[in-house]
Amino acid sequence: HLDRVAAVDGAVHAFLHVDTAGALAAAEAVDKSIAAGEAPASPLAGVPLALKDVLTTKGVPTTCGSKMLEGWIPPYDATVTRRLREAGVVILGKTNMDEFAMGSSTENSAYGPTHNPWDLDRIPGGSGGGSSAALAAFEAPLAIGTDTGGSIRQPGAVTGTVGVKPTYGGVSRYGLVAFSSSLDQAGPCARTVLDAALLHEVIAGHDPLDSTSLNVPVPPVVAAARQGATGDLSGLRIGVVSEFSGDGYQPGVLRSFEAAVATLEKLGAEVVEVSCPNFTYALPAYYLIAPSECSSNLARFDAMRYGLRVGGDDPSLDAEQVMSLTREAGFGPEVKRRVILGTYALSAGYYDAYYGSAQKVRTLISRDFTTAFEQVDVLISPTTPTTAFRIGERTADPMQMYLADLCTIPANLAGNAAMSVPSGLSDEDGLPVGLQIMAPALADERMYRVAAAYE
Ligand code: GLN
């Protein structure tokens, strides 16, 4: 895999940092323990993985795709990183991403975009485009992403790979550099559903270092993927979200979705239409809640604690001026837009109208899910309204960029599980399309069963 990275990553740019020495040492340690007759630490011992650069890695640079953290070497491992190491997974390096995970194309990285291996002129999705592109380019068989509004599922869809957002609280956020803490969730990315399930069981589980980590058993996702692989979905009820079609959806994506519905019926599932009327308001609610939390979380980048410091040696500048110069130089335009938006939405006099209203919409969306899951076992929709767009096509228009996450955001707002599984190629442009499967909170195994049968 290191050879493959050396051969293709100049064109793909999935990685920000390749940890050759660390990867070889980890692989050798696994070899030695097997030679000594020890049982492997996990089914994934010795398997290489690409890690999104928003998770801390002790002794290995972590930039979050930002100039603000250029050269920062974390003194500790995220819980996800630690669990990977303990399972014998070989971390190849850190993958490219939109700055602080804000974006849908990886074009907001301060280190240049990642290219979609299916067509190098197109985006690999975002914010975790590097992780999904590494899978699609066969640079790694496994990857980790984080999903605040769709950043695992949307890159999965447009690169023809599997991407899973576990139930919120299912995977520890300790060491995941926070963007929007009530939405952020790390999850597995892979080329097959079973691979994703095996990785899911390695990284999931209670962590006392994260106060929102759930102290419950990990959903049996590997068993569910194996059960689904038998191809029998009889007895299962699947709901099509009626709000996710129509204007703004490419005809090729909609035709792929119709074909997916027919396949699921052939596998024995009963498919019905379900209305979730408040999902229409998910995008505007998200773009108040996520920037509000971001404006608070990113206050830690104050030129004193980590990374960049501009003007720190100039005795004529006070601390506030140094902070201001540093944030001006260290943050890119999208991060600044969100900090300003969030600060405004939280300010006295506007808080109730904006943030308060968005939180009420969030509750209504959760209730839509609850009502829907009284009628069906899982919900499905296209993962994204369109296939991969061209690099540069949407950078001038943030609203166009935000629309890429239209179908993925409700699951983040409600905290339930959702994933994207490859759904063939669009008959319009020959590019990958994703099928989104959503399950109730803590019923992650249901979507794995359906995805494995469909795959
Ligand atoms: N594209 C969305 C955003 O820009 C979601 C990002 C994410 O899931 N990290 O906020």
# chains A, B, ... in the order shown; residues from 1 in each chain; ligands from 1
call {"tool": "residues_near_ligand", "arguments": {"ligand": "ligand 1", "cutoff": "9 Å", "atoms": "only C-alpha atoms and all ligand atoms", "output": "CSV table (one decimal) with N, CA and C atoms, in the first residue's frame"}}
result
chain,number,residue,atom,x,y,z
A,98,ASP,N,-11.5,19.1,4.1
A,98,ASP,CA,-11.8,20.5,4.2
A,98,ASP,C,-11.4,21.1,5.5
A,100,PHE,N,-11.0,22.1,9.0
A,100,PHE,CA,-11.8,21.8,10.2
A,100,PHE,C,-13.1,21.1,9.9
A,101,ALA,N,-13.1,20.4,8.8
A,101,ALA,CA,-14.2,19.6,8.3
A,101,ALA,C,-15.4,20.4,7.8
A,102,MET,N,-15.1,21.6,7.4
A,102,MET,CA,-16.2,22.5,6.9
A,102,MET,C,-16.2,22.5,5.3
A,103,GLY,N,-17.1,21.7,4.7
A,103,GLY,CA,-17.1,21.7,3.3
A,103,GLY,C,-17.6,20.4,2.7
A,104,SER,N,-17.8,20.3,1.4
A,104,SER,CA,-18.4,19.1,0.8
A,104,SER,C,-17.6,18.7,-0.4
A,105,SER,N,-16.3,19.2,-0.5
A,105,SER,CA,-15.5,18.9,-1.7
A,105,SER,C,-14.0,18.7,-1.5
A,125,GLY,N,-15.8,14.6,-2.9
A,125,GLY,CA,-16.7,14.9,-1.8
A,125,GLY,C,-15.9,15.4,-0.6
A,126,GLY,N,-16.7,15.8,0.4
A,126,GLY,CA,-16.0,16.4,1.6
A,126,GLY,C,-16.9,16.3,2.8
A,127,SER,N,-16.4,16.6,3.9
A,127,SER,CA,-15.1,17.1,4.1
A,127,SER,C,-14.0,16.0,4.1
A,128,GLY,N,-14.4,14.7,4.2
A,128,GLY,CA,-13.5,13.6,4.3
A,128,GLY,C,-13.1,13.1,2.9
A,145,GLY,N,-13.4,8.3,8.8
A,145,GLY,CA,-13.9,9.7,8.5
A,145,GLY,C,-14.6,10.2,9.7
A,146,THR,N,-15.0,11.5,9.6
A,146,THR,CA,-15.9,12.0,10.6
A,146,THR,C,-17.1,12.7,9.8
A,147,ASP,N,-18.3,12.6,10.5
A,147,ASP,CA,-19.5,13.1,9.8
A,147,ASP,C,-20.3,14.0,10.7
A,148,THR,N,-20.3,15.3,10.3
A,148,THR,CA,-21.0,16.3,11.1
A,148,THR,C,-22.3,16.6,10.4
A,149,GLY,N,-22.3,16.6,9.1
A,149,GLY,CA,-23.5,16.8,8.3
A,149,GLY,C,-23.5,15.9,7.0
A,150,GLY,N,-22.5,15.0,6.9
A,150,GLY,CA,-22.5,14.1,5.8
A,150,GLY,C,-21.1,13.8,5.3
A,151,SER,N,-20.1,14.2,6.0
A,151,SER,CA,-18.7,14.1,5.5
A,151,SER,C,-18.1,12.7,5.4
A,152,ILE,N,-18.8,11.7,5.9
A,152,ILE,CA,-18.4,10.3,5.6
A,152,ILE,C,-19.2,9.8,4.5
A,153,ARG,N,-20.6,10.1,4.5
A,153,ARG,CA,-21.5,9.4,3.5
A,153,ARG,C,-21.4,10.1,2.2
A,154,GLN,N,-21.3,11.4,2.1
A,154,GLN,CA,-21.3,12.1,0.8
A,154,GLN,C,-20.0,11.7,0.0
A,179,PHE,N,-15.7,20.4,15.6
A,179,PHE,CA,-16.3,21.4,14.7
A,179,PHE,C,-17.6,21.7,15.3
A,180,SER,N,-18.5,20.8,15.4
A,180,SER,CA,-19.8,21.0,16.0
A,180,SER,C,-20.1,19.8,16.9
A,183,LEU,N,-23.0,17.3,16.8
A,183,LEU,CA,-23.2,16.6,15.6
A,183,LEU,C,-22.0,15.7,15.1
A,184,ASP,N,-20.8,16.0,15.5
A,184,ASP,CA,-19.6,15.3,15.1
A,184,ASP,C,-19.7,13.8,15.5
A,185,GLN,N,-19.3,12.9,14.5
A,185,GLN,CA,-19.2,11.5,14.8
A,185,GLN,C,-18.3,10.9,13.9
A,286,TYR,N,-29.4,23.3,10.2
A,286,TYR,CA,-27.9,22.8,10.4
A,286,TYR,C,-27.0,24.0,10.2
A,287,TYR,N,-27.3,24.9,9.2
A,287,TYR,CA,-26.4,26.0,9.0
A,287,TYR,C,-26.6,27.2,10.0
A,290,ALA,N,-24.6,24.3,13.3
A,290,ALA,CA,-23.2,23.9,13.1
A,290,ALA,C,-22.3,25.2,13.2
A,291,PRO,N,-22.6,26.3,12.5
A,291,PRO,CA,-21.7,27.5,12.7
A,291,PRO,C,-21.7,28.0,14.1
A,334,GLU,N,-14.0,29.9,4.3
A,334,GLU,CA,-15.2,29.2,4.8
A,334,GLU,C,-15.2,29.1,6.3
A,401,MET,N,-22.7,24.6,-2.6
A,401,MET,CA,-21.9,23.7,-1.9
A,401,MET,C,-22.7,23.0,-0.8
A,402,TYR,N,-23.5,23.8,-0.1
A,402,TYR,CA,-24.2,23.3,1.1
A,402,TYR,C,-25.3,22.3,0.6
A,403,LEU,N,-25.8,22.4,-0.6
A,403,LEU,CA,-26.9,21.5,-1.1
A,403,LEU,C,-26.4,20.1,-1.2
A,404,ALA,N,-25.1,19.8,-1.3
A,404,ALA,CA,-24.6,18.5,-1.4
A,404,ALA,C,-25.0,17.6,-0.2
A,405,ASP,N,-25.3,18.2,0.9
A,405,ASP,CA,-25.6,17.5,2.1
A,405,ASP,C,-27.1,17.5,2.5
A,408,THR,N,-28.2,14.1,3.9
A,408,THR,CA,-27.5,13.4,5.0
A,408,THR,C,-27.7,14.1,6.3
A,409,ILE,N,-28.0,15.4,6.3
A,409,ILE,CA,-28.0,16.2,7.5
A,409,ILE,C,-29.1,15.8,8.5
A,412,ASN,N,-27.7,13.6,11.3
A,412,ASN,CA,-26.9,14.2,12.3
A,412,ASN,C,-27.7,15.0,13.3
call {"tool": "residues_around", "arguments": {"residues": "A:Gly248", "least_positions_apart": "6", "cutoff": "12 Å", "atoms": "only C-alpha atoms", "output": "ChimeraX atom specification"}}
result
/A:254,384-387,400,403-404,406-407
call {"tool": "select_by_dssp", "arguments": {"residues": "stretch 274-433 of chain A", "states": "alpha helix (DSSP H)", "output": "number ranges by chain"}}
result
A: 282-297, 319-330, 333-346, 357-375, 398-402, 409-414
call {"tool": "write_last_selection", "arguments": {"atoms": "C-alpha atoms", "output": "mmCIF file, in the first residue's frame"}}
result
data_model
loop_
_atom_site.group_PDB
_atom_site.id
_atom_site.type_symbol
_atom_site.label_atom_id
_atom_site.label_comp_id
_atom_site.auth_asym_id
_atom_site.auth_seq_id
_atom_site.Cartn_x
_atom_site.Cartn_y
_atom_site.Cartn_z
ATOM 1 C CA ALA A 282 -32.849 20.394 8.068
ATOM 2 C CA LEU A 283 -30.380 22.311 5.898
ATOM 3 C CA PRO A 284 -31.238 25.811 7.223
ATOM 4 C CA ALA A 285 -31.353 24.517 10.822
ATOM 5 C CA TYR A 286 -27.950 22.848 10.356
ATOM 6 C CA TYR A 287 -26.398 26.036 8.977
ATOM 7 C CA LEU A 288 -27.342 27.842 12.191
ATOM 8 C CA ILE A 289 -26.487 25.093 14.696
ATOM 9 C CA ALA A 290 -23.180 23.933 13.138
ATOM 10 C CA PRO A 291 -21.704 27.463 12.712
ATOM 11 C CA SER A 292 -22.893 28.415 16.238
ATOM 12 C CA GLU A 293 -21.027 25.490 17.789
ATOM 13 C CA CYS A 294 -18.068 26.089 15.458
ATOM 14 C CA SER A 295 -17.736 29.724 16.534
ATOM 15 C CA SER A 296 -17.438 28.542 20.130
ATOM 16 C CA ASN A 297 -15.189 25.511 19.478
ATOM 17 C CA ALA A 319 -2.354 39.766 22.938
ATOM 18 C CA GLU A 320 -5.626 40.646 21.234
ATOM 19 C CA GLN A 321 -3.829 42.032 18.180
ATOM 20 C CA VAL A 322 -1.680 38.875 17.938
ATOM 21 C CA MET A 323 -4.813 36.750 18.205
ATOM 22 C CA SER A 324 -6.553 38.752 15.525
ATOM 23 C CA LEU A 325 -3.586 38.683 13.106
ATOM 24 C CA THR A 326 -3.184 34.941 13.669
ATOM 25 C CA ARG A 327 -6.841 34.108 13.030
ATOM 26 C CA GLU A 328 -6.828 36.366 9.957
ATOM 27 C CA ALA A 329 -3.816 34.511 8.515
ATOM 28 C CA GLY A 330 -4.579 31.006 9.820
ATOM 29 C CA PRO A 333 -12.633 31.930 3.951
ATOM 30 C CA GLU A 334 -15.183 29.178 4.753
ATOM 31 C CA VAL A 335 -14.062 28.896 8.382
ATOM 32 C CA LYS A 336 -14.253 32.684 8.770
ATOM 33 C CA ARG A 337 -17.732 32.718 7.192
ATOM 34 C CA ARG A 338 -18.943 30.134 9.722
ATOM 35 C CA VAL A 339 -17.349 31.815 12.754
ATOM 36 C CA ILE A 340 -19.000 35.107 11.784
ATOM 37 C CA LEU A 341 -22.357 33.448 11.057
ATOM 38 C CA GLY A 342 -22.283 31.509 14.328
ATOM 39 C CA THR A 343 -21.216 34.477 16.422
ATOM 40 C CA TYR A 344 -24.081 36.496 14.947
ATOM 41 C CA ALA A 345 -26.647 33.719 15.468
ATOM 42 C CA LEU A 346 -25.642 33.391 19.143
ATOM 43 C CA SER A 357 -35.622 28.347 16.281
ATOM 44 C CA ALA A 358 -33.060 25.996 14.780
ATOM 45 C CA GLN A 359 -33.085 23.893 17.964
ATOM 46 C CA LYS A 360 -36.886 23.628 17.756
ATOM 47 C CA VAL A 361 -36.628 22.461 14.143
ATOM 48 C CA ARG A 362 -34.076 19.902 15.314
ATOM 49 C CA THR A 363 -36.653 18.471 17.734
ATOM 50 C CA LEU A 364 -39.275 18.315 14.960
ATOM 51 C CA ILE A 365 -36.831 16.386 12.746
ATOM 52 C CA SER A 366 -36.183 13.883 15.566
ATOM 53 C CA ARG A 367 -39.948 13.420 15.902
ATOM 54 C CA ASP A 368 -40.238 12.785 12.145
ATOM 55 C CA PHE A 369 -37.683 9.988 12.528
ATOM 56 C CA THR A 370 -39.516 8.553 15.556
ATOM 57 C CA THR A 371 -42.833 8.514 13.677
ATOM 58 C CA ALA A 372 -41.219 7.022 10.573
ATOM 59 C CA PHE A 373 -39.505 4.247 12.555
ATOM 60 C CA GLU A 374 -42.876 3.275 14.043
ATOM 61 C CA GLN A 375 -43.859 2.301 10.476
ATOM 62 C CA PRO A 398 -21.514 28.480 -0.772
ATOM 63 C CA MET A 399 -25.258 27.715 -1.069
ATOM 64 C CA GLN A 400 -24.618 25.344 -3.990
ATOM 65 C CA MET A 401 -21.903 23.662 -1.924
ATOM 66 C CA TYR A 402 -24.227 23.292 1.085
ATOM 67 C CA ILE A 409 -28.017 16.241 7.513
ATOM 68 C CA PRO A 410 -31.260 14.997 9.175
ATOM 69 C CA ALA A 411 -29.489 11.956 10.681
ATOM 70 C CA ASN A 412 -26.852 14.221 12.263
ATOM 71 C CA LEU A 413 -29.476 16.541 13.750
ATOM 72 C CA ALA A 414 -31.400 13.592 15.230
#
call {"tool": "residues_around", "arguments": {"residues": "A:Glu139", "least_positions_apart": "2", "cutoff": "8 Å", "atoms": "only C-alpha atoms", "output": "list in words"}}
result
His1, Leu2, Arg4, Val5, Val8, Ala134, Leu135, Ala136, Ala137 and Pro141 of chain A
call {"tool": "write_last_selection", "arguments": {"atoms": "C-alpha atoms", "output": "PDB file, in the first residue's frame"}}
result
ATOM      1  CA  HIS A   1       0.000   0.000   0.000  1.00  0.00           C
ATOM      2  CA  LEU A   2       2.887   2.377   0.663  1.00  0.00           C
ATOM      3  CA  ARG A   4       0.654   2.308  -4.241  1.00  0.00           C
ATOM      4  CA  VAL A   5       0.525   5.611  -2.324  1.00  0.00           C
ATOM      5  CA  VAL A   8      -0.677   7.440  -7.357  1.00  0.00           C
ATOM      6  CA  ALA A 134      -7.670   6.693  -0.675  1.00  0.00           C
ATOM      7  CA  LEU A 135     -10.103   3.756  -0.758  1.00  0.00           C
ATOM      8  CA  ALA A 136     -11.240   4.352  -4.343  1.00  0.00           C
ATOM      9  CA  ALA A 137      -7.613   4.673  -5.520  1.00  0.00           C
ATOM     10  CA  PRO A 141      -8.481  -0.885   2.174  1.00  0.00           C
TER      11      PRO A 141
END
call {"tool": "closest_residue", "arguments": {"among": "A:Gly187, A:Pro315, A:Gly88, A:Gly37", "to": "A:Arg173", "atoms": "only C-alpha atoms"}}
result
A:Gly187
call {"tool": "decode", "arguments": {"residues": "stretch 288-353 of chain A", "atoms": "C-alpha atoms", "output": "CSV table (one decimal), in the first residue's frame"}}
result
chain,number,residue,atom,x,y,z
A,288,LEU,CA,-27.3,27.8,12.2
A,289,ILE,CA,-26.5,25.1,14.7
A,290,ALA,CA,-23.2,23.9,13.1
A,291,PRO,CA,-21.7,27.5,12.7
A,292,SER,CA,-22.9,28.4,16.2
A,293,GLU,CA,-21.0,25.5,17.8
A,294,CYS,CA,-18.1,26.1,15.5
A,295,SER,CA,-17.7,29.7,16.5
A,296,SER,CA,-17.4,28.5,20.1
A,297,ASN,CA,-15.2,25.5,19.5
A,298,LEU,CA,-12.7,27.4,17.3
A,299,ALA,CA,-12.2,30.1,19.9
A,300,ARG,CA,-9.4,27.8,21.2
A,301,PHE,CA,-7.2,28.8,18.3
A,302,ASP,CA,-6.1,32.0,20.0
A,303,ALA,CA,-2.4,32.1,19.0
A,304,MET,CA,-1.4,31.1,22.5
A,305,ARG,CA,-2.1,27.4,22.8
A,306,TYR,CA,-1.4,25.6,19.5
A,307,GLY,CA,0.1,26.1,16.1
A,308,LEU,CA,0.3,29.4,14.3
A,309,ARG,CA,1.3,32.7,16.0
A,310,VAL,CA,1.5,35.8,13.9
A,311,GLY,CA,3.2,38.9,15.3
A,312,GLY,CA,4.1,37.2,18.6
A,313,ASP,CA,7.7,38.6,18.5
A,314,ASP,CA,6.5,42.2,18.0
A,315,PRO,CA,6.5,44.0,21.4
A,316,SER,CA,4.3,46.8,20.0
A,317,LEU,CA,1.4,44.3,19.6
A,318,ASP,CA,-0.9,43.2,22.5
A,319,ALA,CA,-2.4,39.8,22.9
A,320,GLU,CA,-5.6,40.6,21.2
A,321,GLN,CA,-3.8,42.0,18.2
A,322,VAL,CA,-1.7,38.9,17.9
A,323,MET,CA,-4.8,36.7,18.2
A,324,SER,CA,-6.6,38.8,15.5
A,325,LEU,CA,-3.6,38.7,13.1
A,326,THR,CA,-3.2,34.9,13.7
A,327,ARG,CA,-6.8,34.1,13.0
A,328,GLU,CA,-6.8,36.4,10.0
A,329,ALA,CA,-3.8,34.5,8.5
A,330,GLY,CA,-4.6,31.0,9.8
A,331,PHE,CA,-8.2,30.5,8.9
A,332,GLY,CA,-9.5,30.2,5.3
A,333,PRO,CA,-12.6,31.9,4.0
A,334,GLU,CA,-15.2,29.2,4.8
A,335,VAL,CA,-14.1,28.9,8.4
A,336,LYS,CA,-14.3,32.7,8.8
A,337,ARG,CA,-17.7,32.7,7.2
A,338,ARG,CA,-18.9,30.1,9.7
A,339,VAL,CA,-17.3,31.8,12.8
A,340,ILE,CA,-19.0,35.1,11.8
A,341,LEU,CA,-22.4,33.4,11.1
A,342,GLY,CA,-22.3,31.5,14.3
A,343,THR,CA,-21.2,34.5,16.4
A,344,TYR,CA,-24.1,36.5,14.9
A,345,ALA,CA,-26.6,33.7,15.5
A,346,LEU,CA,-25.6,33.4,19.1
A,347,SER,CA,-25.5,37.1,19.9
A,348,ALA,CA,-27.9,38.8,22.4
A,349,GLY,CA,-31.1,39.8,20.7
A,350,TYR,CA,-30.8,37.2,17.9
A,351,TYR,CA,-30.2,34.0,19.9
A,352,ASP,CA,-33.9,33.1,20.2
A,353,ALA,CA,-34.8,34.0,16.6
